[in-house]
Amino acid sequence: MLSDIAISRAATLQPIGAIATAAGIPDAAVEPYGHHKAKIDLALLPSATKTGKLILVTAINPTPAGEGKSTTSVGLADALNRTGRQTMLALREPSLGPCFGTKGGATGGGYAQVVPMEDINLHFTGDFHAITSAHNLLAAMIDNHVHWGNTLDIDVRRIVWRRVLDMNDRALRDIAQSLGGPANGYPRESGFDITVASEVMAILCLASDLHDLEARLGRIVVAYTRDRQPVTAKDLKADGAMAVLLAQAIKPNLVQTLEGTPALIHGGPFANIAHGCNSVIATRTALDLADYVVTEAGFGADLGAEKFFDIKCRQAELKPDATVIVATVRALKMNGGVAKGDLSAPDVDAVRRGGVNLARHIENVRAFGVPVVVAVNRFDSDTPEEFEAIREIATAQGCEAVLCTHWADGGAGAEALADAVVGLCDRSVGQFAPLYADDLSLFDKINTVATRIYRAEEAIADPSVLAQLARWEEAGFGHLPVCMAKTQYSFTTDPSKLGAPTGHVVPVREVRLSAGAGFVVAICGEIMTMPGLPRVPAAEAIRFGAGGEIEGLF
C-alpha cells in the first residue's frame, strides 16, 4: 500500500467552505487559511441546535508495535458518517517535537487520515507559535521586572516560570541564564520545557472563551516573594498582552478527513506531561453542530483517559457517552513478552498474557461509569485465533471487541465499530463520575490515581514535596485536580514494566502549580518535561524530493 504521505497527497480534497457548510457552519464564521484549512469565528455561529453524543477514543499502553489511536478516531468518525450519523472529529494538533523525533505526526494513517497532512503536522495555522510567544513574553516580563527594581519583591531563587520551545532539545532542560554582566539581568538557573507542556497550552485548551482565557492567564503563578507569597501574571500586568497574542489561536481549526468528515483540530497538550486533550472550545462546538463527536485522549487510558475524565470533563462539565479502547494483536504480544522482531509470528498464548494490559484499562474506564468497546486495529499478520483471544478477554470484562480495518479500507473498515459505539450511546444512562472528589487533599488525589488506576501500593514523595502541597492547600488551591506526569509505556514509572504490574510504588519527585489551567502537576519517576531526540531522529529522513514535494513525514 502507498505511504501515508502519498495517500494524503493523492486525495482530492473538498474546498474548506464545502466542509463548513456540511457541518452547519455559516460562511460568515469561516476564516480560510488557504483552500483546505480555516479558523472558525465562534461569535458568528448560530445558537446551539444539537446536543451530540461524546465518544472518547483511548488505548492500551503504547508500544513500539503501534496501536493506531488517531487512525481509529478518524476511521470511526468516517464510519459513523458513512452509516448516516452526522459526525465531527475533535482532535489535538501535532507537536513538532514528535514529528521530528520518534513518534511522528498525529493525523492518522493509511486511508483514515485528516488532511492536508503536511500542513497539520508542521506549522498548521500558527497556534503553537502564538502559544510559545505568549509563554515567553511572560518569561521576559518576569526578568524585566526584576531588572528594573523588583517592586513585587520577587525572590529570584523562587522563579518557577521556565521558557518553552516546540522542539525536542535536551540541551535546554537546565540552563544558566542572564550571564554577561548587569545589563543582562540577574544570573540564575532555569530551563526550557516543550511548548506542549506549557501551562499556556493547557489554559488555551481548557478556556471556555476569550474572557475566560485572559482570566486564567492572569492566575498563572510565576514566582514567589521572599516571604513565599505567590506572584501572578496579572501582578506583572502580562495577562492582557498574552491574551492578545492568543486571540487568533483560541479559534478552532477546521479541516477534513480523506472521506470529507469535518474535523476540528485545536490545541495540543502532551498526555504524559500535561492533560493531553484537544480544546474544550472545539469539543463543545462539535457537540453543538453534530449528532456524534469523536475525540481522543493521549497515550494509554491510564494517562489520557484518566486526565480527560478527571480534568477536562470536570472543568467543562462534559459527560462522555462511550469510550473506545484501541488495541492491536502486536502490542498485546509485546506486553506478553514477545520481542519486536518476532511479532509477526502467530502466538495466541502471548496475546492472552499481554491481554492483562487491555483488561486493566477496561476495568479502569468502566470505574468512571462510562461504557466501553474494544477496537482491534488489524494488521496483516494477525490470525483469527489471536483476535478470538482478544474477544474472550473483552467478554470476560463485560464488553465487546470489534475487528477494524480502517487503515486499509477507510471508514468502511470501521462500520461494525460505529454500530457498536452507537449501541453504547443509545444505552448510556449517564453514570459518569470523576475518580475523586474536589475536597480530597492534593496528595490523597495523587495517591488515589496511583492506587486505583496504576494499581500501585502507594505514591510516595519527599517531605519538601508534601510541604509544598500543604502550602498550596493553605493558599486555596486544594480543590484542584491533579495531572500526573508519568511514562506512557507502563502502569508504573518504569517504562520497561509492561503488562499489568501491581504492588509497585509511584515516586513523586516534583510538583508544579498550574493555577491558571486549574490543576496541580505531579512529576513522577524520570519523566522529562523537555524530551530529547532519539539516536536516529525522524528529521534525518524528512526532505524535499526531486519534484519539490515533502518526503519522509509520517
# chains A, B, ... in the order shown; residues from 1 in each chain; ligands from 1
>>> residues_around(residues="Asp239 (chain A)", least_positions_apart="3", cutoff="6 Å", atoms="only C-alpha atoms", output="PDB file with N, CA and C atoms, in the first residue's frame")
ATOM      1  N   LEU A 217      -5.052  33.249  32.315  1.00  0.00           N
ATOM      2  CA  LEU A 217      -3.668  33.702  32.142  1.00  0.00           C
ATOM      3  C   LEU A 217      -3.240  34.564  33.327  1.00  0.00           C
ATOM      4  N   GLY A 218      -4.125  35.411  33.797  1.00  0.00           N
ATOM      5  CA  GLY A 218      -3.801  36.261  34.938  1.00  0.00           C
ATOM      6  C   GLY A 218      -3.525  35.492  36.206  1.00  0.00           C
ATOM      7  N   ALA A 233       0.860  36.339  36.818  1.00  0.00           N
ATOM      8  CA  ALA A 233       0.991  37.086  35.569  1.00  0.00           C
ATOM      9  C   ALA A 233       0.207  38.392  35.624  1.00  0.00           C
ATOM     10  N   LYS A 234      -0.905  38.390  36.323  1.00  0.00           N
ATOM     11  CA  LYS A 234      -1.695  39.626  36.473  1.00  0.00           C
ATOM     12  C   LYS A 234      -0.924  40.657  37.290  1.00  0.00           C
ATOM     13  N   MET A 242      -0.676  38.828  26.699  1.00  0.00           N
ATOM     14  CA  MET A 242      -0.672  37.401  26.376  1.00  0.00           C
ATOM     15  C   MET A 242      -1.970  36.998  25.690  1.00  0.00           C
TER      16      MET A 242
END
>>> select_by_dssp(residues="region 219-429 of chain A", states="strand (DSSP E or B)", output="count of residues only")
41
>>> closest_atom_pairs(of="region 193-304 of chain A", to="region 95-115 of chain A", cutoff="8 Å", atoms="only C-alpha atoms", output="JSON lines")
{"residue": "A:Ile194", "atom": "CA", "partner": "A:Gly97", "partner_atom": "CA", "distance": 7.8}
{"residue": "A:Val196", "atom": "CA", "partner": "A:Ser95", "partner_atom": "CA", "distance": 6.9}
{"residue": "A:Val255", "atom": "CA", "partner": "A:Val115", "partner_atom": "CA", "distance": 6.6}
{"residue": "A:Gln256", "atom": "CA", "partner": "A:Val114", "partner_atom": "CA", "distance": 5.6}
{"residue": "A:Thr257", "atom": "CA", "partner": "A:Val114", "partner_atom": "CA", "distance": 4.1}
{"residue": "A:Leu258", "atom": "CA", "partner": "A:Gln113", "partner_atom": "CA", "distance": 5.9}
{"residue": "A:Ala263", "atom": "CA", "partner": "A:Val114", "partner_atom": "CA", "distance": 7.5}
{"residue": "A:Gly268", "atom": "CA", "partner": "A:Ser95", "partner_atom": "CA", "distance": 7.0}
>>> write_last_selection(atoms="all heavy atoms", output="PDB file, in the first residue's frame")
ATOM      1  N   ILE A 194       9.041  21.754  26.636  1.00  0.00           N
ATOM      2  CA  ILE A 194       8.481  21.754  25.288  1.00  0.00           C
ATOM      3  C   ILE A 194       7.145  22.498  25.323  1.00  0.00           C
ATOM      4  O   ILE A 194       6.429  22.476  26.339  1.00  0.00           O
ATOM      5  CB  ILE A 194       8.337  20.316  24.755  1.00  0.00           C
ATOM      6  CG1 ILE A 194       8.064  20.321  23.242  1.00  0.00           C
ATOM      7  CG2 ILE A 194       7.284  19.522  25.523  1.00  0.00           C
ATOM      8  CD1 ILE A 194       8.250  18.965  22.586  1.00  0.00           C
ATOM      9  N   VAL A 196       4.253  22.037  24.257  1.00  0.00           N
ATOM     10  CA  VAL A 196       3.042  21.298  24.590  1.00  0.00           C
ATOM     11  C   VAL A 196       2.922  20.984  26.075  1.00  0.00           C
ATOM     12  O   VAL A 196       1.878  20.525  26.530  1.00  0.00           O
ATOM     13  CB  VAL A 196       2.947  20.011  23.747  1.00  0.00           C
ATOM     14  CG1 VAL A 196       2.485  20.332  22.345  1.00  0.00           C
ATOM     15  CG2 VAL A 196       4.276  19.283  23.704  1.00  0.00           C
ATOM     16  N   VAL A 255     -10.641  21.319   9.390  1.00  0.00           N
ATOM     17  CA  VAL A 255     -10.081  20.601   8.245  1.00  0.00           C
ATOM     18  C   VAL A 255     -11.034  19.455   7.918  1.00  0.00           C
ATOM     19  O   VAL A 255     -12.188  19.472   8.312  1.00  0.00           O
ATOM     20  CB  VAL A 255      -8.637  20.097   8.524  1.00  0.00           C
ATOM     21  CG1 VAL A 255      -7.662  21.257   8.589  1.00  0.00           C
ATOM     22  CG2 VAL A 255      -8.583  19.262   9.798  1.00  0.00           C
ATOM     23  N   GLN A 256     -10.543  18.419   7.222  1.00  0.00           N
ATOM     24  CA  GLN A 256     -11.408  17.320   6.817  1.00  0.00           C
ATOM     25  C   GLN A 256     -10.632  16.010   6.835  1.00  0.00           C
ATOM     26  O   GLN A 256      -9.392  15.996   6.834  1.00  0.00           O
ATOM     27  CB  GLN A 256     -11.947  17.563   5.412  1.00  0.00           C
ATOM     28  CG  GLN A 256     -10.871  17.647   4.338  1.00  0.00           C
ATOM     29  CD  GLN A 256     -11.407  18.136   3.008  1.00  0.00           C
ATOM     30  OE1 GLN A 256     -12.095  17.404   2.301  1.00  0.00           O
ATOM     31  NE2 GLN A 256     -11.085  19.388   2.669  1.00  0.00           N
ATOM     32  N   THR A 257     -11.352  14.903   6.854  1.00  0.00           N
ATOM     33  CA  THR A 257     -10.719  13.601   6.661  1.00  0.00           C
ATOM     34  C   THR A 257     -10.650  13.298   5.171  1.00  0.00           C
ATOM     35  O   THR A 257     -11.189  14.037   4.343  1.00  0.00           O
ATOM     36  CB  THR A 257     -11.518  12.486   7.366  1.00  0.00           C
ATOM     37  OG1 THR A 257     -12.748  12.272   6.633  1.00  0.00           O
ATOM     38  CG2 THR A 257     -11.848  12.840   8.801  1.00  0.00           C
ATOM     39  N   LEU A 258      -9.988  12.205   4.815  1.00  0.00           N
ATOM     40  CA  LEU A 258      -9.926  11.789   3.414  1.00  0.00           C
ATOM     41  C   LEU A 258     -11.313  11.564   2.831  1.00  0.00           C
ATOM     42  O   LEU A 258     -11.511  11.689   1.619  1.00  0.00           O
ATOM     43  CB  LEU A 258      -9.106  10.510   3.281  1.00  0.00           C
ATOM     44  CG  LEU A 258      -7.600  10.624   3.519  1.00  0.00           C
ATOM     45  CD1 LEU A 258      -6.965   9.241   3.529  1.00  0.00           C
ATOM     46  CD2 LEU A 258      -6.940  11.505   2.472  1.00  0.00           C
ATOM     47  N   ALA A 263     -13.471  18.041  10.655  1.00  0.00           N
ATOM     48  CA  ALA A 263     -12.611  17.792  11.814  1.00  0.00           C
ATOM     49  C   ALA A 263     -12.153  19.116  12.403  1.00  0.00           C
ATOM     50  O   ALA A 263     -11.604  19.963  11.684  1.00  0.00           O
ATOM     51  CB  ALA A 263     -11.407  16.944  11.410  1.00  0.00           C
ATOM     52  N   GLY A 268      -2.914  21.240  21.724  1.00  0.00           N
ATOM     53  CA  GLY A 268      -2.123  20.013  21.696  1.00  0.00           C
ATOM     54  C   GLY A 268      -1.296  19.746  22.928  1.00  0.00           C
ATOM     55  O   GLY A 268      -0.082  19.539  22.803  1.00  0.00           O
TER      56      GLY A 268
END
>>> select_by_dssp(residues="region 374-540 of chain A", states="helix (DSSP H, G or I)", output="PDB file with N, CA and C atoms, in the first residue's frame")
ATOM      1  N   PRO A 384      -7.046 -15.230  12.976  1.00  0.00           N
ATOM      2  CA  PRO A 384      -8.375 -15.296  13.608  1.00  0.00           C
ATOM      3  C   PRO A 384      -8.298 -15.788  15.047  1.00  0.00           C
ATOM      4  N   GLU A 385      -7.381 -16.698  15.320  1.00  0.00           N
ATOM      5  CA  GLU A 385      -7.255 -17.243  16.684  1.00  0.00           C
ATOM      6  C   GLU A 385      -6.789 -16.156  17.658  1.00  0.00           C
ATOM      7  N   GLU A 386      -5.907 -15.284  17.195  1.00  0.00           N
ATOM      8  CA  GLU A 386      -5.426 -14.208  18.065  1.00  0.00           C
ATOM      9  C   GLU A 386      -6.543 -13.191  18.334  1.00  0.00           C
ATOM     10  N   PHE A 387      -7.320 -12.866  17.313  1.00  0.00           N
ATOM     11  CA  PHE A 387      -8.455 -11.973  17.551  1.00  0.00           C
ATOM     12  C   PHE A 387      -9.454 -12.610  18.509  1.00  0.00           C
ATOM     13  N   GLU A 388      -9.688 -13.907  18.367  1.00  0.00           N
ATOM     14  CA  GLU A 388     -10.618 -14.594  19.256  1.00  0.00           C
ATOM     15  C   GLU A 388     -10.151 -14.505  20.701  1.00  0.00           C
ATOM     16  N   ALA A 389      -8.832 -14.566  20.908  1.00  0.00           N
ATOM     17  CA  ALA A 389      -8.302 -14.427  22.269  1.00  0.00           C
ATOM     18  C   ALA A 389      -8.623 -13.045  22.837  1.00  0.00           C
ATOM     19  N   ILE A 390      -8.503 -12.009  21.998  1.00  0.00           N
ATOM     20  CA  ILE A 390      -8.841 -10.655  22.457  1.00  0.00           C
ATOM     21  C   ILE A 390     -10.329 -10.547  22.749  1.00  0.00           C
ATOM     22  N   ARG A 391     -11.140 -11.140  21.878  1.00  0.00           N
ATOM     23  CA  ARG A 391     -12.585 -11.102  22.092  1.00  0.00           C
ATOM     24  C   ARG A 391     -12.941 -11.751  23.421  1.00  0.00           C
ATOM     25  N   GLU A 392     -12.285 -12.855  23.762  1.00  0.00           N
ATOM     26  CA  GLU A 392     -12.558 -13.536  25.036  1.00  0.00           C
ATOM     27  C   GLU A 392     -12.147 -12.664  26.221  1.00  0.00           C
ATOM     28  N   ILE A 393     -11.016 -11.958  26.091  1.00  0.00           N
ATOM     29  CA  ILE A 393     -10.564 -11.061  27.165  1.00  0.00           C
ATOM     30  C   ILE A 393     -11.587  -9.956  27.385  1.00  0.00           C
ATOM     31  N   ALA A 394     -12.065  -9.361  26.282  1.00  0.00           N
ATOM     32  CA  ALA A 394     -13.054  -8.286  26.395  1.00  0.00           C
ATOM     33  C   ALA A 394     -14.363  -8.802  26.978  1.00  0.00           C
ATOM     34  N   THR A 395     -14.802  -9.956  26.515  1.00  0.00           N
ATOM     35  CA  THR A 395     -16.053 -10.540  27.005  1.00  0.00           C
ATOM     36  C   THR A 395     -15.982 -10.793  28.506  1.00  0.00           C
ATOM     37  N   ALA A 396     -14.826 -11.255  28.961  1.00  0.00           N
ATOM     38  CA  ALA A 396     -14.654 -11.507  30.395  1.00  0.00           C
ATOM     39  C   ALA A 396     -14.782 -10.224  31.213  1.00  0.00           C
ATOM     40  N   HIS A 406      -9.864  -0.048   9.171  1.00  0.00           N
ATOM     41  CA  HIS A 406      -9.955   1.303   8.633  1.00  0.00           C
ATOM     42  C   HIS A 406      -8.646   1.788   8.027  1.00  0.00           C
ATOM     43  N   TRP A 407      -7.499   1.310   8.512  1.00  0.00           N
ATOM     44  CA  TRP A 407      -6.214   1.734   7.945  1.00  0.00           C
ATOM     45  C   TRP A 407      -6.162   1.392   6.455  1.00  0.00           C
ATOM     46  N   ALA A 408      -6.632   0.214   6.102  1.00  0.00           N
ATOM     47  CA  ALA A 408      -6.603  -0.221   4.703  1.00  0.00           C
ATOM     48  C   ALA A 408      -7.875   0.148   3.950  1.00  0.00           C
ATOM     49  N   ASP A 409      -9.015   0.208   4.644  1.00  0.00           N
ATOM     50  CA  ASP A 409     -10.306   0.346   3.974  1.00  0.00           C
ATOM     51  C   ASP A 409     -11.037   1.646   4.285  1.00  0.00           C
ATOM     52  N   GLY A 410     -10.434   2.536   5.067  1.00  0.00           N
ATOM     53  CA  GLY A 410     -11.119   3.773   5.425  1.00  0.00           C
ATOM     54  C   GLY A 410     -12.330   3.515   6.299  1.00  0.00           C
ATOM     55  N   GLY A 411     -13.315   4.393   6.216  1.00  0.00           N
ATOM     56  CA  GLY A 411     -14.494   4.276   7.067  1.00  0.00           C
ATOM     57  C   GLY A 411     -15.237   2.970   6.911  1.00  0.00           C
ATOM     58  N   ALA A 412     -15.186   2.364   5.722  1.00  0.00           N
ATOM     59  CA  ALA A 412     -15.879   1.087   5.509  1.00  0.00           C
ATOM     60  C   ALA A 412     -15.339   0.011   6.442  1.00  0.00           C
ATOM     61  N   GLY A 413     -14.071   0.125   6.819  1.00  0.00           N
ATOM     62  CA  GLY A 413     -13.469  -0.878   7.695  1.00  0.00           C
ATOM     63  C   GLY A 413     -13.786  -0.697   9.166  1.00  0.00           C
ATOM     64  N   ALA A 414     -14.555   0.335   9.510  1.00  0.00           N
ATOM     65  CA  ALA A 414     -14.906   0.573  10.917  1.00  0.00           C
ATOM     66  C   ALA A 414     -16.409   0.670  11.120  1.00  0.00           C
ATOM     67  N   GLU A 415     -17.196   0.214  10.142  1.00  0.00           N
ATOM     68  CA  GLU A 415     -18.647   0.330  10.275  1.00  0.00           C
ATOM     69  C   GLU A 415     -19.193  -0.527  11.419  1.00  0.00           C
ATOM     70  N   ALA A 416     -18.609  -1.703  11.627  1.00  0.00           N
ATOM     71  CA  ALA A 416     -19.054  -2.534  12.753  1.00  0.00           C
ATOM     72  C   ALA A 416     -18.755  -1.844  14.080  1.00  0.00           C
ATOM     73  N   LEU A 417     -17.603  -1.163  14.158  1.00  0.00           N
ATOM     74  CA  LEU A 417     -17.273  -0.399  15.364  1.00  0.00           C
ATOM     75  C   LEU A 417     -18.268   0.740  15.547  1.00  0.00           C
ATOM     76  N   ALA A 418     -18.626   1.422  14.457  1.00  0.00           N
ATOM     77  CA  ALA A 418     -19.590   2.517  14.547  1.00  0.00           C
ATOM     78  C   ALA A 418     -20.928   2.026  15.100  1.00  0.00           C
ATOM     79  N   ASP A 419     -21.389   0.877  14.616  1.00  0.00           N
ATOM     80  CA  ASP A 419     -22.652   0.330  15.109  1.00  0.00           C
ATOM     81  C   ASP A 419     -22.560   0.004  16.599  1.00  0.00           C
ATOM     82  N   ALA A 420     -21.418  -0.556  17.007  1.00  0.00           N
ATOM     83  CA  ALA A 420     -21.239  -0.897  18.432  1.00  0.00           C
ATOM     84  C   ALA A 420     -21.226   0.354  19.293  1.00  0.00           C
ATOM     85  N   VAL A 421     -20.568   1.397  18.821  1.00  0.00           N
ATOM     86  CA  VAL A 421     -20.490   2.648  19.579  1.00  0.00           C
ATOM     87  C   VAL A 421     -21.868   3.285  19.707  1.00  0.00           C
ATOM     88  N   VAL A 422     -22.619   3.320  18.615  1.00  0.00           N
ATOM     89  CA  VAL A 422     -23.969   3.891  18.670  1.00  0.00           C
ATOM     90  C   VAL A 422     -24.841   3.102  19.646  1.00  0.00           C
ATOM     91  N   GLY A 423     -24.685   1.777  19.652  1.00  0.00           N
ATOM     92  CA  GLY A 423     -25.424   0.965  20.607  1.00  0.00           C
ATOM     93  C   GLY A 423     -25.103   1.336  22.039  1.00  0.00           C
ATOM     94  N   LEU A 424     -23.806   1.593  22.335  1.00  0.00           N
ATOM     95  CA  LEU A 424     -23.421   2.017  23.687  1.00  0.00           C
ATOM     96  C   LEU A 424     -24.024   3.377  24.010  1.00  0.00           C
ATOM     97  N   CYS A 425     -23.960   4.303  23.056  1.00  0.00           N
ATOM     98  CA  CYS A 425     -24.516   5.644  23.299  1.00  0.00           C
ATOM     99  C   CYS A 425     -26.017   5.588  23.565  1.00  0.00           C
ATOM    100  N   ASP A 426     -26.713   4.746  22.820  1.00  0.00           N
ATOM    101  CA  ASP A 426     -28.160   4.627  22.996  1.00  0.00           C
ATOM    102  C   ASP A 426     -28.514   4.050  24.359  1.00  0.00           C
ATOM    103  N   ARG A 427     -27.626   3.201  24.882  1.00  0.00           N
ATOM    104  CA  ARG A 427     -27.901   2.574  26.181  1.00  0.00           C
ATOM    105  C   ARG A 427     -27.276   3.327  27.353  1.00  0.00           C
ATOM    106  N   LEU A 442      -4.621  17.231  48.123  1.00  0.00           N
ATOM    107  CA  LEU A 442      -3.874  17.074  46.877  1.00  0.00           C
ATOM    108  C   LEU A 442      -3.099  15.768  46.842  1.00  0.00           C
ATOM    109  N   PHE A 443      -2.413  15.443  47.930  1.00  0.00           N
ATOM    110  CA  PHE A 443      -1.644  14.201  47.903  1.00  0.00           C
ATOM    111  C   PHE A 443      -2.561  12.984  47.906  1.00  0.00           C
ATOM    112  N   ASP A 444      -3.696  13.083  48.562  1.00  0.00           N
ATOM    113  CA  ASP A 444      -4.646  11.969  48.518  1.00  0.00           C
ATOM    114  C   ASP A 444      -5.189  11.766  47.104  1.00  0.00           C
ATOM    115  N   LYS A 445      -5.346  12.850  46.344  1.00  0.00           N
ATOM    116  CA  LYS A 445      -5.748  12.710  44.944  1.00  0.00           C
ATOM    117  C   LYS A 445      -4.663  11.984  44.141  1.00  0.00           C
ATOM    118  N   ILE A 446      -3.408  12.385  44.357  1.00  0.00           N
ATOM    119  CA  ILE A 446      -2.291  11.704  43.692  1.00  0.00           C
ATOM    120  C   ILE A 446      -2.284  10.228  44.060  1.00  0.00           C
ATOM    121  N   ASN A 447      -2.457   9.942  45.322  1.00  0.00           N
ATOM    122  CA  ASN A 447      -2.425   8.556  45.796  1.00  0.00           C
ATOM    123  C   ASN A 447      -3.613   7.756  45.257  1.00  0.00           C
ATOM    124  N   THR A 448      -4.754   8.414  45.100  1.00  0.00           N
ATOM    125  CA  THR A 448      -5.931   7.741  44.552  1.00  0.00           C
ATOM    126  C   THR A 448      -5.674   7.292  43.117  1.00  0.00           C
ATOM    127  N   VAL A 449      -5.107   8.180  42.289  1.00  0.00           N
ATOM    128  CA  VAL A 449      -4.784   7.797  40.915  1.00  0.00           C
ATOM    129  C   VAL A 449      -3.752   6.672  40.915  1.00  0.00           C
ATOM    130  N   ALA A 450      -2.734   6.795  41.757  1.00  0.00           N
ATOM    131  CA  ALA A 450      -1.671   5.786  41.798  1.00  0.00           C
ATOM    132  C   ALA A 450      -2.200   4.418  42.190  1.00  0.00           C
ATOM    133  N   THR A 451      -3.082   4.368  43.158  1.00  0.00           N
ATOM    134  CA  THR A 451      -3.543   3.074  43.661  1.00  0.00           C
ATOM    135  C   THR A 451      -4.699   2.508  42.855  1.00  0.00           C
ATOM    136  N   ARG A 452      -5.619   3.357  42.404  1.00  0.00           N
ATOM    137  CA  ARG A 452      -6.808   2.852  41.708  1.00  0.00           C
ATOM    138  C   ARG A 452      -6.623   2.699  40.200  1.00  0.00           C
ATOM    139  N   PRO A 463       9.498  14.947  51.961  1.00  0.00           N
ATOM    140  CA  PRO A 463       8.817  15.924  52.830  1.00  0.00           C
ATOM    141  C   PRO A 463       8.690  17.306  52.192  1.00  0.00           C
ATOM    142  N   SER A 464       9.675  17.716  51.372  1.00  0.00           N
ATOM    143  CA  SER A 464       9.611  19.035  50.737  1.00  0.00           C
ATOM    144  C   SER A 464       8.436  19.114  49.761  1.00  0.00           C
ATOM    145  N   VAL A 465       8.146  18.010  49.057  1.00  0.00           N
ATOM    146  CA  VAL A 465       7.011  17.972  48.133  1.00  0.00           C
ATOM    147  C   VAL A 465       5.701  18.041  48.906  1.00  0.00           C
ATOM    148  N   LEU A 466       5.616  17.277  49.984  1.00  0.00           N
ATOM    149  CA  LEU A 466       4.402  17.287  50.809  1.00  0.00           C
ATOM    150  C   LEU A 466       4.171  18.664  51.426  1.00  0.00           C
ATOM    151  N   ALA A 467       5.263  19.322  51.827  1.00  0.00           N
ATOM    152  CA  ALA A 467       5.142  20.661  52.411  1.00  0.00           C
ATOM    153  C   ALA A 467       4.651  21.658  51.367  1.00  0.00           C
ATOM    154  N   GLN A 468       5.143  21.515  50.134  1.00  0.00           N
ATOM    155  CA  GLN A 468       4.683  22.412  49.074  1.00  0.00           C
ATOM    156  C   GLN A 468       3.190  22.223  48.799  1.00  0.00           C
ATOM    157  N   LEU A 469       2.737  20.982  48.749  1.00  0.00           N
ATOM    158  CA  LEU A 469       1.310  20.719  48.549  1.00  0.00           C
ATOM    159  C   LEU A 469       0.483  21.327  49.679  1.00  0.00           C
ATOM    160  N   ALA A 470       0.988  21.218  50.900  1.00  0.00           N
ATOM    161  CA  ALA A 470       0.265  21.783  52.050  1.00  0.00           C
ATOM    162  C   ALA A 470       0.173  23.305  51.938  1.00  0.00           C
ATOM    163  N   ARG A 471       1.253  23.948  51.470  1.00  0.00           N
ATOM    164  CA  ARG A 471       1.219  25.410  51.310  1.00  0.00           C
ATOM    165  C   ARG A 471       0.191  25.814  50.256  1.00  0.00           C
ATOM    166  N   TRP A 472       0.112  25.049  49.183  1.00  0.00           N
ATOM    167  CA  TRP A 472      -0.872  25.369  48.148  1.00  0.00           C
ATOM    168  C   TRP A 472      -2.297  25.180  48.668  1.00  0.00           C
ATOM    169  N   GLU A 473      -2.502  24.177  49.487  1.00  0.00           N
ATOM    170  CA  GLU A 473      -3.827  23.977  50.080  1.00  0.00           C
ATOM    171  C   GLU A 473      -4.188  25.158  50.974  1.00  0.00           C
ATOM    172  N   GLU A 474      -3.228  25.632  51.751  1.00  0.00           N
ATOM    173  CA  GLU A 474      -3.475  26.786  52.617  1.00  0.00           C
ATOM    174  C   GLU A 474      -3.777  28.039  51.805  1.00  0.00           C
ATOM    175  N   ALA A 538      13.533  11.163  13.326  1.00  0.00           N
ATOM    176  CA  ALA A 538      12.782  11.164  12.073  1.00  0.00           C
ATOM    177  C   ALA A 538      13.211  12.300  11.159  1.00  0.00           C
ATOM    178  N   ALA A 539      13.739  13.373  11.726  1.00  0.00           N
ATOM    179  CA  ALA A 539      14.178  14.522  10.936  1.00  0.00           C
ATOM    180  C   ALA A 539      15.212  14.143   9.877  1.00  0.00           C
ATOM    181  N   GLU A 540      15.999  13.095  10.127  1.00  0.00           N
ATOM    182  CA  GLU A 540      17.032  12.698   9.169  1.00  0.00           C
ATOM    183  C   GLU A 540      16.445  12.238   7.836  1.00  0.00           C
TER     184      GLU A 540
END
>>> residues_around(residues="Ile362 (chain A)", least_positions_apart="3", cutoff="7 Å", atoms="only C-alpha atoms", output="ChimeraX atom specification")
/A:358-359,365-366,372,397
>>> decode(residues="region 453-464 of chain A", atoms="N, CA and C atoms", output="CSV table (one decimal), in the first residue's frame")
chain,number,residue,atom,x,y,z
A,453,ILE,N,-5.8,3.5,39.6
A,453,ILE,CA,-5.6,3.5,38.1
A,453,ILE,C,-4.3,2.7,37.8
A,454,TYR,N,-3.2,3.0,38.5
A,454,TYR,CA,-1.9,2.4,38.2
A,454,TYR,C,-1.8,1.1,39.0
A,455,ARG,N,-2.7,0.9,40.0
A,455,ARG,CA,-2.6,-0.3,40.9
A,455,ARG,C,-1.3,-0.4,41.7
A,456,ALA,N,-0.8,0.8,42.1
A,456,ALA,CA,0.4,0.8,42.9
A,456,ALA,C,0.0,0.5,44.4
A,457,GLU,N,1.0,0.2,45.1
A,457,GLU,CA,0.9,0.0,46.6
A,457,GLU,C,0.6,1.4,47.2
A,458,GLU,N,1.4,2.4,46.7
A,458,GLU,CA,1.2,3.7,47.2
A,458,GLU,C,2.0,4.7,46.4
A,459,ALA,N,1.7,6.0,46.5
A,459,ALA,CA,2.5,7.1,46.0
A,459,ALA,C,3.4,7.6,47.2
A,460,ILE,N,4.6,8.0,46.8
A,460,ILE,CA,5.5,8.5,47.9
A,460,ILE,C,6.1,9.8,47.4
A,461,ALA,N,6.5,10.7,48.3
A,461,ALA,CA,7.1,11.9,48.0
A,461,ALA,C,7.9,12.4,49.2
A,462,ASP,N,9.0,13.2,48.8
A,462,ASP,CA,9.8,13.7,49.9
A,462,ASP,C,9.0,14.7,50.7
A,463,PRO,N,9.5,14.9,52.0
A,463,PRO,CA,8.8,15.9,52.8
A,463,PRO,C,8.7,17.3,52.2
A,464,SER,N,9.7,17.7,51.4
A,464,SER,CA,9.6,19.0,50.7
A,464,SER,C,8.4,19.1,49.8
